[in-house]
file upload-v7.txt (compact mmCIF, C-alpha atoms and all ligand atoms)
# COMPACT_ATOMS: atom_id res chain seq x y z
CA MET A 1 -18.53 -17.75 2.03
CA VAL A 2 -18.83 -16.40 5.58
CA THR A 3 -16.04 -17.25 8.03
CA GLU A 4 -16.49 -17.15 11.81
CA LEU A 5 -13.26 -15.59 13.05
CA MET A 6 -14.09 -16.13 16.71
CA LYS A 7 -17.32 -16.58 18.60
CA ASP A 8 -19.86 -14.00 17.37
CA VAL A 9 -17.40 -12.28 15.03
CA TYR A 10 -17.79 -13.03 11.32
CA TRP A 11 -15.92 -12.14 8.16
CA VAL A 12 -18.63 -11.28 5.62
CA GLY A 13 -16.37 -9.77 2.96
CA ILE A 14 -15.59 -10.50 -0.66
CA VAL A 15 -12.63 -12.20 -2.35
CA ASP A 16 -11.92 -10.49 -5.67
CA TRP A 17 -9.80 -13.03 -7.55
CA GLY A 18 -10.00 -11.13 -10.83
CA LEU A 19 -8.71 -7.73 -9.70
CA ARG A 20 -5.54 -6.76 -11.56
CA LYS A 21 -5.63 -2.95 -11.22
CA PHE A 22 -6.68 -0.94 -8.19
CA HIS A 23 -7.20 2.77 -7.46
CA GLY A 24 -8.38 3.02 -11.06
CA HIS A 25 -5.32 1.80 -12.92
CA GLU A 26 -2.77 3.22 -10.51
CA LEU A 27 -1.82 0.06 -8.58
CA SER A 28 -1.22 -3.44 -9.95
CA THR A 29 -2.74 -6.32 -8.00
CA HIS A 30 -1.30 -9.49 -9.54
CA ARG A 31 -2.87 -11.70 -6.90
CA GLY A 32 -6.30 -10.03 -6.69
CA SER A 33 -7.57 -8.66 -3.40
CA THR A 34 -10.25 -8.95 -0.77
CA TYR A 35 -12.62 -6.37 0.69
CA ASN A 36 -12.95 -7.39 4.31
CA SER A 37 -16.10 -6.59 6.21
CA TYR A 38 -16.79 -7.78 9.76
CA LEU A 39 -20.03 -8.50 11.57
CA ILE A 40 -20.12 -8.59 15.37
CA ARG A 41 -23.03 -10.01 17.34
CA ASP A 42 -23.45 -8.80 20.91
CA GLU A 43 -26.43 -7.11 22.54
CA LYS A 44 -26.01 -4.76 19.62
CA THR A 45 -25.11 -5.87 16.12
CA VAL A 46 -22.18 -4.07 14.56
CA LEU A 47 -20.88 -4.04 11.00
CA VAL A 48 -17.31 -2.86 10.49
CA ASP A 49 -16.56 -1.61 6.97
CA THR A 50 -18.33 -2.59 3.77
CA VAL A 51 -17.13 -3.59 0.28
CA TRP A 52 -16.64 -2.11 -3.17
CA SER A 53 -20.05 -1.53 -4.76
CA PRO A 54 -19.74 -4.02 -7.70
CA PHE A 55 -19.80 -6.76 -5.05
CA LYS A 56 -22.49 -5.34 -2.79
CA LYS A 57 -25.17 -7.94 -3.63
CA GLU A 58 -22.94 -10.92 -2.82
CA TRP A 59 -21.81 -9.14 0.32
CA LEU A 60 -25.42 -8.57 1.40
CA GLU A 61 -26.05 -12.30 0.97
CA ASN A 62 -23.10 -12.98 3.28
CA ILE A 63 -24.59 -10.69 5.92
CA LYS A 64 -27.99 -12.33 5.51
CA ALA A 65 -26.39 -15.73 6.12
CA VAL A 66 -25.59 -14.54 9.65
CA ILE A 67 -28.29 -12.04 10.56
CA ASP A 68 -31.21 -10.04 9.22
CA PRO A 69 -29.46 -6.84 8.03
CA ALA A 70 -32.33 -4.77 9.46
CA LYS A 71 -31.01 -5.75 12.90
CA ILE A 72 -27.71 -3.92 12.43
CA ASP A 73 -27.48 -1.20 15.07
CA ILE A 74 -24.05 0.27 14.36
CA ILE A 75 -22.00 0.54 11.18
CA VAL A 76 -18.37 1.55 11.59
CA ALA A 77 -16.82 3.14 8.51
CA ASN A 78 -13.11 3.30 9.29
CA HIS A 79 -12.24 5.00 5.97
CA ALA A 80 -14.16 6.48 3.05
CA GLU A 81 -12.42 5.04 0.00
CA PRO A 82 -15.08 3.25 -2.07
CA ASP A 83 -13.47 -0.18 -1.67
CA HIS A 84 -14.64 0.00 1.97
CA SER A 85 -17.58 2.39 1.88
CA GLY A 86 -19.19 1.24 -1.38
CA GLY A 87 -21.80 -0.90 0.38
CA LEU A 88 -23.04 1.88 2.69
CA PRO A 89 -25.96 3.07 0.51
CA LEU A 90 -27.30 -0.49 0.23
CA ILE A 91 -26.91 -1.56 3.84
CA LEU A 92 -28.40 1.68 5.09
CA GLN A 93 -31.50 0.95 3.04
CA TYR A 94 -31.91 -2.22 5.10
CA ALA A 95 -30.90 -0.63 8.40
CA PRO A 96 -31.89 3.05 7.99
CA ASN A 97 -31.69 3.73 11.72
CA ALA A 98 -28.21 2.33 12.18
CA GLU A 99 -25.70 4.72 13.62
CA LEU A 100 -22.82 5.37 11.21
CA VAL A 101 -19.65 5.69 13.27
CA VAL A 102 -16.82 7.59 11.60
CA SER A 103 -13.82 9.70 12.47
CA LYS A 104 -14.27 13.45 12.34
CA ARG A 105 -12.57 13.57 8.95
CA GLY A 106 -14.58 10.52 7.90
CA MET A 107 -17.76 12.48 8.33
CA GLU A 108 -16.46 14.93 5.74
CA SER A 109 -15.14 12.31 3.31
CA ILE A 110 -18.14 9.94 3.48
CA GLU A 111 -20.56 12.82 3.17
CA GLY A 112 -18.47 14.01 0.22
CA HIS A 113 -18.74 10.64 -1.51
CA TYR A 114 -22.42 9.87 -0.92
CA HIS A 115 -24.28 13.11 -0.08
CA ARG A 116 -26.81 11.31 2.14
CA PRO A 117 -28.33 12.45 5.45
CA TRP A 118 -27.22 9.38 7.39
CA LYS A 119 -27.12 9.23 11.20
CA PHE A 120 -23.43 10.01 11.65
CA ARG A 121 -21.59 9.73 14.95
CA ALA A 122 -18.04 11.09 14.91
CA VAL A 123 -15.58 9.52 17.32
CA LYS A 124 -12.03 10.36 18.33
CA THR A 125 -9.14 8.42 19.82
CA GLY A 126 -10.12 6.76 23.08
CA ASP A 127 -13.88 6.99 22.53
CA ARG A 128 -15.71 3.83 23.52
CA ILE A 129 -19.10 2.51 22.47
CA PRO A 130 -20.58 -0.27 24.65
CA ILE A 131 -22.29 -2.93 22.55
CA GLY A 132 -23.23 -5.41 25.31
CA LYS A 133 -20.62 -7.65 26.89
CA ASN A 134 -17.89 -5.87 24.93
CA GLU A 135 -17.01 -2.39 23.80
CA LEU A 136 -15.73 -0.82 20.63
CA VAL A 137 -12.75 1.46 21.13
CA PHE A 138 -11.57 3.86 18.42
CA ILE A 139 -8.14 5.12 17.48
CA GLU A 140 -7.76 7.83 14.86
CA ALA A 141 -5.03 6.83 12.40
CA THR A 142 -4.62 10.04 10.46
CA MET A 143 -2.66 9.51 7.22
CA LEU A 144 -2.57 5.73 7.57
CA HIS A 145 -3.28 6.29 4.82
CA TRP A 146 -5.95 9.02 4.53
CA PRO A 147 -6.78 11.85 6.91
CA ASP A 148 -10.01 10.01 7.79
CA SER A 149 -8.45 6.60 8.54
CA MET A 150 -9.40 5.03 11.84
CA PHE A 151 -8.78 1.77 13.73
CA ALA A 152 -11.53 0.00 15.68
CA TYR A 153 -10.74 -2.37 18.57
CA LEU A 154 -13.17 -4.84 20.12
CA THR A 155 -12.61 -5.48 23.81
CA GLY A 156 -13.27 -8.96 25.14
CA LYS A 157 -12.23 -10.41 21.76
CA ASN A 158 -8.93 -8.49 21.60
CA LEU A 159 -9.61 -7.84 17.94
CA LEU A 160 -7.98 -4.91 16.13
CA MET A 161 -9.59 -3.80 12.87
CA PRO A 162 -7.14 -1.26 11.41
CA ASN A 163 -8.68 -0.94 7.95
CA ASP A 164 -5.99 -0.50 5.27
CA ALA A 165 -3.03 -0.74 7.67
CA PHE A 166 -1.41 -4.20 7.74
CA GLY A 167 -3.37 -5.22 4.63
CA GLN A 168 -2.34 -6.93 1.42
CA HIS A 169 -3.89 -7.15 -2.03
CA TYR A 170 -4.00 -10.91 -1.88
CA ALA A 171 -6.95 -13.12 -2.83
CA THR A 172 -6.78 -16.46 -1.06
CA ALA A 173 -8.90 -19.55 -0.44
CA PHE A 174 -8.65 -19.13 3.34
CA ARG A 175 -8.87 -16.13 5.62
CA PHE A 176 -6.00 -16.47 8.08
CA ASN A 177 -2.28 -15.74 7.79
CA ASP A 178 -1.35 -19.25 8.94
CA GLU A 179 -3.30 -20.78 6.04
CA VAL A 180 -1.48 -19.15 3.12
CA ASP A 181 1.92 -19.17 1.41
CA GLN A 182 4.16 -17.05 3.64
CA GLU A 183 6.41 -15.87 0.82
CA GLU A 184 3.45 -14.63 -1.22
CA LEU A 185 1.91 -13.04 1.86
CA TYR A 186 5.01 -11.02 2.66
CA GLU A 187 5.57 -10.06 -0.98
CA GLU A 188 2.10 -8.57 -1.06
CA ALA A 189 2.33 -6.98 2.39
CA LEU A 190 5.58 -5.27 1.44
CA LYS A 191 4.29 -4.15 -1.97
CA TYR A 192 1.27 -2.67 -0.19
CA TYR A 193 3.46 -0.83 2.29
CA ALA A 194 5.94 0.41 -0.31
CA ASN A 195 3.30 1.69 -2.71
CA ILE A 196 0.77 3.11 -0.27
CA LEU A 197 2.32 3.80 3.10
CA THR A 198 5.92 4.83 2.36
CA PRO A 199 5.30 8.59 2.49
CA PHE A 200 3.64 8.26 5.87
CA SER A 201 6.39 6.17 7.46
CA PRO A 202 7.13 8.60 10.32
CA LEU A 203 3.42 8.57 11.21
CA VAL A 204 3.28 4.76 10.94
CA SER A 205 6.06 4.47 13.47
CA LYS A 206 4.42 6.96 15.86
CA LYS A 207 1.02 5.32 15.56
CA ILE A 208 2.45 1.87 16.28
CA ASP A 209 4.19 3.21 19.38
CA GLU A 210 0.92 4.81 20.47
CA VAL A 211 -1.11 1.62 19.99
CA VAL A 212 1.52 -0.60 21.62
CA GLY A 213 1.72 1.96 24.44
CA LEU A 214 -1.97 1.41 25.20
CA GLY A 215 -0.97 -2.05 26.40
CA VAL A 216 -4.17 -3.64 25.16
CA PRO A 217 -4.04 -7.34 24.28
CA VAL A 218 -4.26 -8.15 20.58
CA ASP A 219 -5.27 -11.69 19.63
CA MET A 220 -6.11 -10.91 16.02
CA ILE A 221 -5.46 -8.12 13.54
CA ALA A 222 -8.14 -7.96 10.89
CA PRO A 223 -7.29 -5.47 8.14
CA SER A 224 -9.59 -4.51 5.31
CA HIS A 225 -7.59 -6.29 2.58
CA GLY A 226 -6.04 -9.74 2.46
CA VAL A 227 -5.61 -12.22 5.23
CA ILE A 228 -6.26 -11.80 8.94
CA TRP A 229 -3.24 -12.00 11.23
CA ARG A 230 -4.15 -14.75 13.70
CA ARG A 231 -0.90 -16.65 14.24
CA ASP A 232 1.55 -14.33 15.99
CA PRO A 233 -0.54 -11.29 14.98
CA LEU A 234 2.07 -8.77 16.09
CA GLN A 235 4.56 -10.07 13.50
CA ILE A 236 3.13 -7.63 10.96
CA VAL A 237 3.36 -4.78 13.47
CA THR A 238 7.04 -5.59 13.98
CA LYS A 239 7.50 -5.64 10.19
CA TYR A 240 5.78 -2.28 9.82
CA LYS A 241 8.13 -0.79 12.42
CA GLN A 242 11.09 -2.09 10.38
CA TRP A 243 9.64 -0.87 7.08
CA ALA A 244 8.76 2.52 8.56
CA ALA A 245 12.44 2.99 9.48
CA GLN A 246 13.25 2.72 5.74
CA THR A 247 16.62 1.13 6.35
CA PRO A 248 17.62 0.00 2.87
CA GLU A 249 19.53 -3.09 1.85
CA ARG A 250 23.00 -2.52 0.41
CA THR A 251 21.71 -3.01 -3.12
CA ALA A 252 20.95 -0.92 -6.19
CA VAL A 253 18.23 -0.71 -8.81
CA ILE A 254 18.86 0.57 -12.30
CA LEU A 255 15.80 1.87 -14.12
CA TYR A 256 15.99 2.85 -17.75
CA ASP A 257 14.24 3.20 -21.06
CA THR A 258 15.84 3.22 -24.46
CA MET A 259 14.98 3.85 -28.10
CA TRP A 260 17.86 2.21 -29.98
CA GLU A 261 19.51 0.17 -27.19
CA ALA A 262 22.25 2.70 -26.39
CA THR A 263 20.85 3.49 -22.93
CA ARG A 264 20.26 -0.24 -22.31
CA ARG A 265 23.92 -0.93 -22.99
CA MET A 266 24.83 1.90 -20.63
CA ALA A 267 22.53 0.43 -17.93
CA GLU A 268 24.27 -2.90 -18.19
CA ALA A 269 27.69 -1.26 -17.96
CA VAL A 270 26.55 0.56 -14.80
CA GLY A 271 25.54 -2.86 -13.45
CA ASP A 272 28.99 -4.24 -14.24
CA GLY A 273 30.52 -1.47 -12.14
CA LEU A 274 28.22 -2.22 -9.19
CA ALA A 275 29.00 -5.93 -9.41
CA ALA A 276 32.74 -5.24 -9.58
CA GLU A 277 32.37 -3.66 -6.14
CA GLY A 278 30.25 -6.55 -4.87
CA VAL A 279 26.95 -4.65 -4.75
CA PRO A 280 23.93 -6.65 -5.96
CA TYR A 281 21.73 -4.88 -8.47
CA LYS A 282 18.62 -5.35 -10.57
CA ILE A 283 17.91 -3.70 -13.91
CA PHE A 284 14.40 -2.77 -14.98
CA HIS A 285 13.36 -1.63 -18.44
CA MET A 286 10.57 0.74 -17.50
CA ALA A 287 8.75 0.46 -20.82
CA VAL A 288 7.95 -3.19 -20.13
CA THR A 289 8.03 -3.49 -16.34
CA ASP A 290 5.21 -3.08 -13.82
CA ARG A 291 5.77 0.25 -12.10
CA ASN A 292 4.40 -0.87 -8.72
CA ASP A 293 6.72 -3.88 -8.60
CA VAL A 294 9.61 -1.54 -9.31
CA ILE A 295 8.51 0.72 -6.45
CA THR A 296 8.83 -2.25 -4.10
CA GLU A 297 12.36 -2.84 -5.42
CA ILE A 298 13.24 0.83 -4.95
CA PHE A 299 11.87 0.64 -1.41
CA LYS A 300 14.29 -2.17 -0.58
CA ALA A 301 17.40 -0.78 -2.27
CA LYS A 302 19.86 1.90 -1.19
CA ALA A 303 20.67 3.27 -4.68
CA VAL A 304 18.33 4.23 -7.46
CA ILE A 305 20.08 4.86 -10.75
CA LEU A 306 17.99 6.19 -13.63
CA GLY A 307 18.76 6.22 -17.32
CA SER A 308 16.94 7.73 -20.25
CA CYS A 309 17.91 8.89 -23.66
CA THR A 310 16.89 12.42 -24.54
CA VAL A 311 13.72 12.89 -26.57
CA ASN A 312 12.06 16.23 -27.26
CA GLN A 313 14.59 17.81 -24.89
CA GLY A 314 13.34 15.66 -22.02
CA VAL A 315 13.20 12.07 -20.78
CA LEU A 316 11.27 9.24 -22.38
CA PRO A 317 7.61 9.32 -21.25
CA THR A 318 7.97 5.87 -19.66
CA ILE A 319 10.47 7.34 -17.20
CA SER A 320 8.26 10.25 -16.11
CA PRO A 321 5.84 8.18 -13.94
CA ILE A 322 8.63 6.71 -11.85
CA LEU A 323 10.08 10.19 -11.37
CA GLU A 324 6.66 11.27 -10.14
CA ASP A 325 6.57 8.30 -7.75
CA LEU A 326 9.99 9.19 -6.38
CA ARG A 327 8.60 12.63 -5.57
CA GLY A 328 5.27 11.51 -4.14
CA LEU A 329 6.45 8.53 -2.11
CA ARG A 330 9.14 10.57 -0.35
CA PHE A 331 11.62 7.69 0.01
CA GLN A 332 14.23 8.21 2.70
CA ASN A 333 17.84 7.06 2.97
CA LYS A 334 18.39 6.69 -0.79
CA ILE A 335 21.19 7.79 -3.03
CA GLY A 336 20.94 8.31 -6.79
CA ALA A 337 22.68 8.82 -10.10
CA ALA A 338 21.75 9.27 -13.76
CA PHE A 339 22.91 8.30 -17.23
CA GLY A 340 21.61 8.33 -20.78
CA SER A 341 22.40 8.58 -24.46
CA TYR A 342 21.49 11.44 -26.76
CA GLY A 343 21.74 12.47 -30.35
CA TRP A 344 21.31 16.23 -30.47
CA SER A 345 20.47 18.28 -27.38
CA GLY A 346 21.06 15.80 -24.49
CA GLU A 347 19.10 17.19 -21.52
CA SER A 348 17.85 13.92 -20.01
CA VAL A 349 20.66 13.31 -17.49
CA LYS A 350 20.48 16.82 -16.09
CA ILE A 351 16.70 16.60 -15.81
CA ILE A 352 16.93 13.34 -13.85
CA GLU A 353 19.66 14.68 -11.57
CA GLU A 354 17.70 17.83 -10.80
CA HIS A 355 14.64 15.75 -10.10
CA LEU A 356 16.53 13.44 -7.73
CA GLN A 357 17.79 16.46 -5.81
CA ARG A 358 14.26 17.81 -5.55
CA CYS A 359 13.22 14.41 -4.14
CA LYS A 360 15.99 14.74 -1.53
CA ILE A 361 17.85 11.79 -3.07
CA PRO A 362 21.47 12.91 -3.16
CA VAL A 363 23.22 12.43 -6.50
CA VAL A 364 26.48 10.79 -5.46
CA CYS A 365 28.43 11.16 -8.71
CA PRO A 366 28.22 13.10 -11.97
CA GLY A 367 25.92 11.57 -14.57
CA VAL A 368 27.23 9.92 -17.71
CA ARG A 369 26.03 10.98 -21.16
CA ALA A 370 26.89 9.18 -24.38
CA LYS A 371 26.37 10.72 -27.82
CA TRP A 372 24.69 8.30 -30.26
CA GLN A 373 25.78 4.77 -29.47
CA PRO A 374 28.21 4.52 -26.52
CA LYS A 375 31.87 4.01 -27.37
CA PRO A 376 34.06 1.78 -25.15
CA ALA A 377 35.11 4.86 -23.20
CA ASP A 378 31.45 5.76 -22.55
CA LEU A 379 30.73 2.26 -21.31
CA GLU A 380 33.77 2.44 -19.07
CA ALA A 381 32.45 5.76 -17.70
CA CYS A 382 29.15 4.00 -16.94
CA ALA A 383 31.00 1.20 -15.16
CA GLY A 384 32.88 3.90 -13.25
CA LEU A 385 29.53 5.43 -12.23
CA GLY A 386 28.45 1.98 -11.05
CA ARG A 387 31.63 1.57 -9.00
CA GLU A 388 31.25 5.01 -7.44
CA VAL A 389 27.60 4.40 -6.50
CA ALA A 390 28.60 0.99 -5.11
CA ARG A 391 31.22 2.59 -2.86
CA ALA A 392 28.59 5.05 -1.60
CA VAL A 393 26.18 2.16 -0.99
CA LYS A 394 28.81 0.32 1.06
CA SER A 395 29.79 3.38 3.04
FE1 LIG B 1 -7.65 3.30 1.22
FE2 LIG B 1 -8.47 0.01 0.84
O1 LIG B 1 -8.70 1.86 0.64

call {"tool": "encode", "arguments": {"input": "upload-v7.txt", "output": "structure tokens", "more": "lines below"}}
Ligand code: FEO
result
Amino acid sequence: MVTELMKDVYWVGIVDWGLRKFHGHELSTHRGSTYNSYLIRDEKTVLVDTVWSPFKKEWLENIKAVIDPAKIDIIVANHAEPDHSGGLPLILQYAPNAELVVSKRGMESIEGHYHRPWKFRAVKTGDRIPIGKNELVFIEATMLHWPDSMFAYLTGKNLLMPNDAFGQHYATAFRFNDEVDQEELYEEALKYYANILTPFSPLVSKKIDEVVGLGVPVDMIAPSHGVIWRRDPLQIVTKYKQWAAQTPERTAVILYDTMWEATRRMAEAVGDGLAAEGVPYKIFHMAVTDRNDVITEIFKAKAVILGSCTVNQGVLPTISPILEDLRGLRFQNKIGAAFGSYGWSGESVKIIEEHLQRCKIPVVCPGVRAKWQPKPADLEACAGLGREVARAVKS
């Protein structure tokens, strides 16, 4: 169903209630998502972003409910990922002479995805395209979150369309932030930030300063996923500034996997040590826990403590993905530690510690290893590790 956001500006996107995995199977989306696409009527007709191709026919019907798609003069593609560019081949059949406005890097990425001789127009920060009473203004947003990412701003309506930035994977009945559950909204906004934008935090901060520095009025922020920020739209900008600073809470997460419960018992003893020092903690069994939810918890916490028993002279395969995330997401201001049981060779703790160091997460105390099932002294050593990490968290 089409929603008129403000006079002559329409949301013509798709709500994908059924989506549970995104980016292939890389990202969990427990509350579905939306692919937001915006239609602007002025002397020229402008379409900003499209939708993922499985939904292109419904999306086309939404456009047709507002205007004959052949009348579209300008299509802005802020970013090439197929969840936003997937409708381009279809809409450009209807409007073959439309100008396709992209960033310089977008020209490369969209060409690379579709291999079509479309009428590209590359824009850079500050470029303006008059569309009648109002103008489109463009801001390159390199690495928020791709090199091609771009924001579009509509003068006269004070509407910022920043594509993935400020988005959420959140399917809802209504389109605006003031019409949804605030707790759910912020859970999804934070999960989105933690899983997608964390490594680019320094750039997020700089880009926000740059946009705020332009001094342009913003009445609405319309990202490409989730709800549109209408009530107090800058609240999400303020949140992004906080998140980009990566100032953790004084808490810890303990992540582990286990074969015969020895490493689980060690994890719980580590937790006892943290609690004894008054530091809140959460324990996650990585074999049965959603990895992306855990990433959000890591994002919030100061300490990340990893445990694995040794198997095949390494860590359990369920631990490897989170190690890879710690590398790729480049978390800042964390501390770490490791523990694990073993039967024969016992390399897992050293492997985790070396990995943490490579991720620039300082290991604040020596890891604890327990041979076979932990004895009381091993569990006390784990509690001691918890207490030591807790003291580092509090300092
Ligand atoms: Fe980077 Fe929503 O795609």

call {"tool": "residues_around", "arguments": {"input": "upload-v7.txt", "residues": "region 167-171 of chain A", "least_positions_apart": "2", "cutoff": "7 Å", "atoms": "all atoms listed in the file", "output": "MDAnalysis selection string"}}
result
chainID A and resid 15:17 29 31:34 164:165 188:189 192 223:226

call {"tool": "closest_residue", "arguments": {"input": "upload-v7.txt", "among": "A:Met286, A:Phe176, A:Gly156, A:Ala65", "to": "Thr318 (chain A)", "atoms": "only C-alpha atoms"}}
result
A:Met286

call {"tool": "atom_distance", "arguments": {"input": "upload-v7.txt", "atom1": "CA of Glu297 (chain A)", "atom2": "CA of Tyr281 (chain A)"}}
result
10.1 Å

call {"tool": "atom_distance", "arguments": {"input": "upload-v7.txt", "atom1": "CA of Glu135 (chain A)", "atom2": "CA of Pro89 (chain A)"}}
result
25.5 Å

call {"tool": "residues_near_ligand", "arguments": {"input": "upload-v7.txt", "ligand": "ligand LIG 1 (chain B)", "cutoff": "8 Å", "atoms": "all atoms listed in the file", "output": "NGL selection string"}}
result
:A and (35 or 79-84 or 145-146 or 163-164 or 224-225)

call {"tool": "residues_around", "arguments": {"input": "upload-v7.txt", "residues": "Gly278 (chain A)", "least_positions_apart": "2", "cutoff": "12 Å", "atoms": "all atoms listed in the file", "output": "list in words"}}
result
Arg250, Thr251, Ala252, Gly271, Asp272, Gly273, Leu274, Ala275, Ala276, Pro280, Tyr281, Gly386, Arg387, Glu388, Val389, Ala390, Arg391, Val393 and Lys394 of chain A

call {"tool": "closest_residue", "arguments": {"input": "upload-v7.txt", "among": "A:Glu4, A:Asp232, A:Asp325, A:Glu111", "to": "Pro199 (chain A)", "atoms": "all atoms listed in the file"}}
result
A:Asp325

call {"tool": "residues_around", "arguments": {"input": "upload-v7.txt", "residues": "Met150 (chain A)", "least_positions_apart": "5", "cutoff": "10 Å", "atoms": "all atoms listed in the file", "output": "list in words"}}
result
Val76, Ala77, Asn78, His79, Val102, Ser103, Lys104, Arg105, Gly106, Val123, Lys124, Thr125, Phe138, Ile139, Glu140, Ala141, Thr142, Met143, Leu144, His145, Met161, Pro162, Asn163, Asp164 and Ala165 of chain A

call {"tool": "write_last_selection", "arguments": {"input": "upload-v7.txt", "atoms": "C-alpha atoms", "output": "PDB file, in the coordinates of the input"}}
result
ATOM      1  CA  VAL A  76     -18.370   1.550  11.590  1.00  0.00           C
ATOM      2  CA  ALA A  77     -16.820   3.140   8.510  1.00  0.00           C
ATOM      3  CA  ASN A  78     -13.110   3.300   9.290  1.00  0.00           C
ATOM      4  CA  HIS A  79     -12.240   5.000   5.970  1.00  0.00           C
ATOM      5  CA  VAL A 102     -16.820   7.590  11.600  1.00  0.00           C
ATOM      6  CA  SER A 103     -13.820   9.700  12.470  1.00  0.00           C
ATOM      7  CA  LYS A 104     -14.270  13.450  12.340  1.00  0.00           C
ATOM      8  CA  ARG A 105     -12.570  13.570   8.950  1.00  0.00           C
ATOM      9  CA  GLY A 106     -14.580  10.520   7.900  1.00  0.00           C
ATOM     10  CA  VAL A 123     -15.580   9.520  17.320  1.00  0.00           C
ATOM     11  CA  LYS A 124     -12.030  10.360  18.330  1.00  0.00           C
ATOM     12  CA  THR A 125      -9.140   8.420  19.820  1.00  0.00           C
ATOM     13  CA  PHE A 138     -11.570   3.860  18.420  1.00  0.00           C
ATOM     14  CA  ILE A 139      -8.140   5.120  17.480  1.00  0.00           C
ATOM     15  CA  GLU A 140      -7.760   7.830  14.860  1.00  0.00           C
ATOM     16  CA  ALA A 141      -5.030   6.830  12.400  1.00  0.00           C
ATOM     17  CA  THR A 142      -4.620  10.040  10.460  1.00  0.00           C
ATOM     18  CA  MET A 143      -2.660   9.510   7.220  1.00  0.00           C
ATOM     19  CA  LEU A 144      -2.570   5.730   7.570  1.00  0.00           C
ATOM     20  CA  HIS A 145      -3.280   6.290   4.820  1.00  0.00           C
ATOM     21  CA  MET A 161      -9.590  -3.800  12.870  1.00  0.00           C
ATOM     22  CA  PRO A 162      -7.140  -1.260  11.410  1.00  0.00           C
ATOM     23  CA  ASN A 163      -8.680  -0.940   7.950  1.00  0.00           C
ATOM     24  CA  ASP A 164      -5.990  -0.500   5.270  1.00  0.00           C
ATOM     25  CA  ALA A 165      -3.030  -0.740   7.670  1.00  0.00           C
TER      26      ALA A 165
END

call {"tool": "closest_residue", "arguments": {"input": "upload-v7.txt", "among": "A:Asp219, A:Ala95, A:Ile110, A:Asp49", "to": "Ala152 (chain A)", "atoms": "all atoms listed in the file"}}
result
A:Asp49

call {"tool": "decode", "arguments": {"input": "upload-v7.txt", "residues": "region 186-196 of chain A", "atoms": "N, CA, C and O atoms", "output": "PDB file, in the first residue's frame"}}
result
ATOM      1  N   TYR A 186      14.251   0.476  18.455  1.00  0.00           N
ATOM      2  CA  TYR A 186      15.649   0.709  18.831  1.00  0.00           C
ATOM      3  C   TYR A 186      16.454  -0.585  18.911  1.00  0.00           C
ATOM      4  O   TYR A 186      17.664  -0.578  18.644  1.00  0.00           O
ATOM      5  N   GLU A 187      15.808  -1.701  19.240  1.00  0.00           N
ATOM      6  CA  GLU A 187      16.522  -2.983  19.175  1.00  0.00           C
ATOM      7  C   GLU A 187      17.007  -3.232  17.753  1.00  0.00           C
ATOM      8  O   GLU A 187      18.151  -3.637  17.526  1.00  0.00           O
ATOM      9  N   GLU A 188      16.116  -2.991  16.792  1.00  0.00           N
ATOM     10  CA  GLU A 188      16.485  -3.270  15.401  1.00  0.00           C
ATOM     11  C   GLU A 188      17.470  -2.231  14.864  1.00  0.00           C
ATOM     12  O   GLU A 188      18.374  -2.572  14.098  1.00  0.00           O
ATOM     13  N   ALA A 189      17.311  -0.984  15.257  1.00  0.00           N
ATOM     14  CA  ALA A 189      18.248   0.047  14.785  1.00  0.00           C
ATOM     15  C   ALA A 189      19.658  -0.235  15.307  1.00  0.00           C
ATOM     16  O   ALA A 189      20.649  -0.105  14.578  1.00  0.00           O
ATOM     17  N   LEU A 190      19.738  -0.665  16.566  1.00  0.00           N
ATOM     18  CA  LEU A 190      21.054  -0.952  17.130  1.00  0.00           C
ATOM     19  C   LEU A 190      21.660  -2.215  16.519  1.00  0.00           C
ATOM     20  O   LEU A 190      22.857  -2.252  16.204  1.00  0.00           O
ATOM     21  N   LYS A 191      20.828  -3.239  16.332  1.00  0.00           N
ATOM     22  CA  LYS A 191      21.343  -4.468  15.704  1.00  0.00           C
ATOM     23  C   LYS A 191      21.897  -4.159  14.304  1.00  0.00           C
ATOM     24  O   LYS A 191      22.942  -4.658  13.908  1.00  0.00           O
ATOM     25  N   TYR A 192      21.186  -3.313  13.588  1.00  0.00           N
ATOM     26  CA  TYR A 192      21.592  -2.897  12.243  1.00  0.00           C
ATOM     27  C   TYR A 192      22.945  -2.183  12.304  1.00  0.00           C
ATOM     28  O   TYR A 192      23.869  -2.489  11.553  1.00  0.00           O
ATOM     29  N   TYR A 193      23.050  -1.246  13.243  1.00  0.00           N
ATOM     30  CA  TYR A 193      24.310  -0.508  13.375  1.00  0.00           C
ATOM     31  C   TYR A 193      25.445  -1.468  13.743  1.00  0.00           C
ATOM     32  O   TYR A 193      26.512  -1.466  13.118  1.00  0.00           O
ATOM     33  N   ALA A 194      25.208  -2.276  14.774  1.00  0.00           N
ATOM     34  CA  ALA A 194      26.276  -3.135  15.297  1.00  0.00           C
ATOM     35  C   ALA A 194      26.776  -4.110  14.238  1.00  0.00           C
ATOM     36  O   ALA A 194      27.984  -4.329  14.097  1.00  0.00           O
ATOM     37  N   ASN A 195      25.872  -4.670  13.468  1.00  0.00           N
ATOM     38  CA  ASN A 195      26.242  -5.705  12.509  1.00  0.00           C
ATOM     39  C   ASN A 195      26.747  -5.168  11.177  1.00  0.00           C
ATOM     40  O   ASN A 195      27.467  -5.855  10.468  1.00  0.00           O
ATOM     41  N   ILE A 196      26.338  -3.951  10.830  1.00  0.00           N
ATOM     42  CA  ILE A 196      26.671  -3.452   9.485  1.00  0.00           C
ATOM     43  C   ILE A 196      27.620  -2.256   9.538  1.00  0.00           C
ATOM     44  O   ILE A 196      28.552  -2.155   8.749  1.00  0.00           O
TER      45      ILE A 196
END
